[in-house]
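Pasted below: final.txt, compact mmCIF, C-alpha atoms.
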# COMPACT_ATOMS: atom_id res chain seq x y z
CA MET A 237 30.23 6.16 52.85
CA ASN A 238 29.40 6.71 49.16
CA PHE A 239 32.19 4.32 48.23
CA LEU A 240 30.72 1.56 50.38
CA LYS A 241 27.27 2.28 49.03
CA SER A 242 28.41 2.04 45.41
CA LEU A 243 30.48 -1.05 46.24
CA ILE A 244 27.31 -2.81 47.37
CA ILE A 245 24.83 -1.41 44.83
CA LYS A 246 26.87 -1.67 41.59
CA PRO A 247 27.07 -5.49 41.56
CA ILE A 248 23.34 -5.72 42.27
CA GLU A 249 22.57 -3.30 39.42
CA GLY A 250 24.82 -5.30 37.11
CA TYR A 251 23.10 -8.54 38.10
CA LEU A 252 19.65 -7.06 37.45
CA LEU A 253 20.74 -5.62 34.10
CA LEU A 254 22.28 -8.93 33.02
CA THR A 255 19.19 -10.86 34.10
CA SER A 256 16.83 -8.51 32.25
CA TRP A 257 18.87 -8.76 29.04
CA LEU A 258 18.96 -12.55 29.37
CA ILE A 259 15.18 -12.74 29.78
CA LEU A 260 14.54 -10.41 26.81
CA THR A 261 16.94 -12.43 24.67
CA LEU A 262 15.23 -15.70 25.57
CA LEU A 263 11.78 -14.26 24.81
CA TYR A 264 13.06 -12.93 21.47
CA LEU A 265 14.57 -16.30 20.58
CA GLN A 266 11.34 -18.02 21.56
CA ILE A 267 9.53 -16.06 18.84
CA VAL A 268 12.28 -16.80 16.30
CA PHE A 269 12.44 -20.52 17.06
CA SER A 270 8.68 -20.95 17.02
CA ALA A 271 8.60 -19.77 13.40
CA THR A 272 11.58 -22.00 12.62
CA ALA A 273 9.85 -25.01 14.17
CA ILE A 274 6.67 -24.41 12.18
CA PHE A 275 8.60 -24.24 8.91
CA CYS A 276 10.56 -27.40 9.81
CA MET A 277 7.36 -29.30 10.60
CA VAL A 278 5.94 -28.34 7.23
CA GLY A 279 9.23 -29.36 5.62
CA LEU A 280 9.01 -32.79 7.25
CA LEU A 281 6.19 -33.59 4.88
CA SER A 282 8.78 -33.73 2.10
CA PHE A 283 10.01 -37.10 3.43
CA TYR A 284 6.76 -38.69 2.26
CA PHE A 285 7.06 -37.47 -1.32
CA ILE A 286 10.73 -37.25 -2.32
CA GLU A 287 13.93 -39.21 -1.69
CA PHE A 288 15.85 -38.91 1.55
CA GLN A 289 18.84 -36.76 0.53
CA PHE A 290 16.73 -34.22 -1.33
CA ALA A 291 14.20 -34.16 1.53
CA LEU A 292 17.03 -33.40 3.94
CA ASN A 293 18.02 -30.43 1.79
CA VAL A 294 14.39 -29.29 1.81
CA ILE A 295 14.43 -29.43 5.63
CA TYR A 296 17.62 -27.36 5.75
CA GLY A 297 16.12 -24.79 3.40
CA ALA A 298 12.85 -24.70 5.33
CA SER A 299 14.66 -24.20 8.62
CA LEU A 300 16.74 -21.36 7.15
CA LEU A 301 13.63 -19.75 5.69
CA GLY A 302 11.84 -20.21 9.02
CA PHE A 303 14.73 -18.64 10.91
CA VAL A 304 14.81 -15.60 8.63
CA SER A 305 11.04 -15.17 8.78
CA GLY A 306 11.20 -15.62 12.57
CA VAL A 307 13.73 -12.81 12.88
CA VAL A 308 11.57 -10.57 10.69
CA TRP A 309 8.48 -11.47 12.74
CA ALA A 310 10.28 -10.91 16.07
CA GLU A 311 11.55 -7.52 14.91
CA ARG A 312 8.06 -6.50 13.81
CA ILE A 313 6.68 -7.53 17.21
CA ARG A 314 9.53 -5.75 19.03
CA LYS A 315 8.94 -2.50 17.15
CA ARG A 316 5.15 -2.56 17.21
CA HIS A 317 4.26 -4.00 20.62
CA GLY A 318 7.40 -4.82 22.56
CA ILE A 319 8.64 -8.32 23.40
CA VAL A 320 7.44 -8.35 27.01
CA THR A 321 4.06 -6.82 26.13
CA PHE A 322 3.53 -9.40 23.38
CA HIS A 323 4.29 -12.31 25.70
CA GLY A 324 2.13 -10.75 28.40
CA TYR A 325 -0.73 -10.59 25.91
CA LEU A 326 -0.22 -14.26 25.02
CA LEU A 327 -0.23 -15.31 28.66
CA SER A 328 -3.12 -13.11 29.80
CA THR A 329 -6.35 -14.58 31.08
CA PRO A 330 -9.08 -12.04 30.38
CA GLU A 331 -11.76 -14.42 31.68
CA ILE A 332 -10.22 -14.03 35.13
CA GLU A 333 -8.81 -10.51 35.03
CA GLY A 334 -11.60 -8.93 33.01
CA TRP A 335 -11.77 -7.74 29.43
CA ARG A 336 -10.16 -4.41 28.65
CA ASP A 337 -10.69 -1.89 25.88
CA LYS A 338 -7.93 -0.11 23.93
CA ASP A 339 -7.33 2.35 26.77
CA GLY A 340 -6.96 -0.42 29.38
CA ASN A 341 -10.32 0.18 31.07
CA ILE A 342 -12.20 -2.89 32.26
CA VAL A 343 -15.42 -3.60 30.36
CA ARG A 344 -18.29 -5.64 31.74
CA SER A 345 -18.36 -8.25 29.00
CA ARG A 346 -16.29 -9.13 25.99
CA TYR A 347 -19.00 -7.99 23.61
CA GLN A 348 -20.51 -4.61 24.31
CA GLN A 349 -24.26 -4.92 24.74
CA LYS A 350 -26.16 -2.62 22.46
CA SER A 351 -29.19 -0.76 23.62
CA PHE A 352 -32.44 -1.59 21.85
CA LYS A 353 -34.36 1.43 23.09
CA GLN A 354 -36.27 3.14 20.37
CA GLU A 355 -36.52 6.84 20.30
CA ILE A 356 -40.08 8.12 20.33
CA PRO A 357 -40.56 10.98 17.88
CA SER A 358 -42.19 14.00 19.43

Exercise: express the given structure as C-alpha cells:
Amino acid sequence: MNFLKSLIIKPIEGYLLLTSWLILTLLYLQIVFSATAIFCMVGLLSFYFIEFQFALNVIYGASLLGFVSGVVWAERIRKRHGIVTFHGYLLSTPEIEGWRDKDGNIVRSRYQQKSFKQEIPS
C-alpha cells in the first residue's frame, strides 16, 4: 500500500517543486531584466549624440551594467524581503484590502489621525 501511495504522490510532489522553482526563477529574472531594460533605455539616448557604431557599444555596455546591477538588486531584495513577498507588495491594493502597519494589523486610514485634545492642568 505504501508503495502505491508513494508511486502516486512522488510525481505530484516533483511537479509542484518544479513549478515553484520555475515561478521563483521567473520572478527573479523579472527583477533583473527590469533593471537591464531601464539601463538600455537610457543608453538609447546615445544614438542622438554619437555615431552609430560607438552608440551600439554604449548600448552593449549599458545592458551589461544593467544586468549586473539587476542581479545585485534582485539579491538584495531576495535577502531582505523575499522574492514572492516583494512581488506581493508591488501587486497589493491597500485601498481595497486596507492599510496595514508593520505588524500586519489593519489600520483605519493610511495616515493615523492625531488627537487634538488638550490636557487641562489641575

Write out as a VMD selection string which residues come within 12 Å of region 301-309 of chain A when counting only C-alpha atoms, dropping same-chain ones fewer than 2 positions away. chain A and resid 264 to 279 294 to 299 311 to 319 322

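Here CA of Met237 (chain A) stands at a distance of 20.2 Å from CA of Gly250 (chain A).
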
One decimal place gives the CA of Leu263 (chain A)-CA of Ala310 (chain A) separation as 9.5 Å

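Interatomic distance, CA of Ser256 (chain A) to CA of Asn238 (chain A): 26.0 Å.
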
Incomplete region 247-264 of chain A brought to N, CA and C atoms, written out as a compact mmCIF listing (two decimals), in the coordinates of the input:
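In the end it all went to rebuild_29.txt:
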# COMPACT_ATOMS: atom_id res chain seq x y z
N PRO A 247 27.24 -4.09 41.98
CA PRO A 247 27.07 -5.49 41.56
C PRO A 247 25.61 -5.92 41.46
N ILE A 248 24.76 -5.39 42.33
CA ILE A 248 23.34 -5.72 42.27
C ILE A 248 22.72 -5.14 41.00
N GLU A 249 23.07 -3.90 40.66
CA GLU A 249 22.57 -3.30 39.42
C GLU A 249 23.05 -4.08 38.21
N GLY A 250 24.30 -4.50 38.21
CA GLY A 250 24.82 -5.30 37.11
C GLY A 250 24.11 -6.64 36.98
N TYR A 251 23.83 -7.27 38.11
CA TYR A 251 23.10 -8.54 38.10
C TYR A 251 21.70 -8.35 37.53
N LEU A 252 21.00 -7.31 37.95
CA LEU A 252 19.65 -7.06 37.45
C LEU A 252 19.65 -6.73 35.96
N LEU A 253 20.64 -5.95 35.51
CA LEU A 253 20.74 -5.62 34.10
C LEU A 253 21.03 -6.87 33.26
N LEU A 254 21.95 -7.70 33.73
CA LEU A 254 22.28 -8.93 33.02
C LEU A 254 21.08 -9.88 32.96
N THR A 255 20.36 -9.99 34.06
CA THR A 255 19.19 -10.86 34.10
C THR A 255 18.09 -10.36 33.17
N SER A 256 17.87 -9.05 33.13
CA SER A 256 16.83 -8.51 32.25
C SER A 256 17.19 -8.72 30.78
N TRP A 257 18.45 -8.52 30.42
CA TRP A 257 18.87 -8.76 29.04
C TRP A 257 18.76 -10.24 28.67
N LEU A 258 19.07 -11.12 29.62
CA LEU A 258 18.96 -12.55 29.37
C LEU A 258 17.50 -12.96 29.13
N ILE A 259 16.60 -12.43 29.93
CA ILE A 259 15.18 -12.74 29.78
C ILE A 259 14.65 -12.21 28.45
N LEU A 260 14.98 -10.97 28.10
CA LEU A 260 14.54 -10.41 26.81
C LEU A 260 15.10 -11.20 25.63
N THR A 261 16.34 -11.63 25.73
CA THR A 261 16.94 -12.43 24.67
C THR A 261 16.24 -13.77 24.52
N LEU A 262 15.93 -14.41 25.63
CA LEU A 262 15.23 -15.70 25.57
C LEU A 262 13.81 -15.55 25.00
N LEU A 263 13.12 -14.48 25.37
CA LEU A 263 11.78 -14.26 24.81
C LEU A 263 11.85 -13.97 23.32
N TYR A 264 12.86 -13.22 22.89
CA TYR A 264 13.06 -12.93 21.47
C TYR A 264 13.34 -14.22 20.71
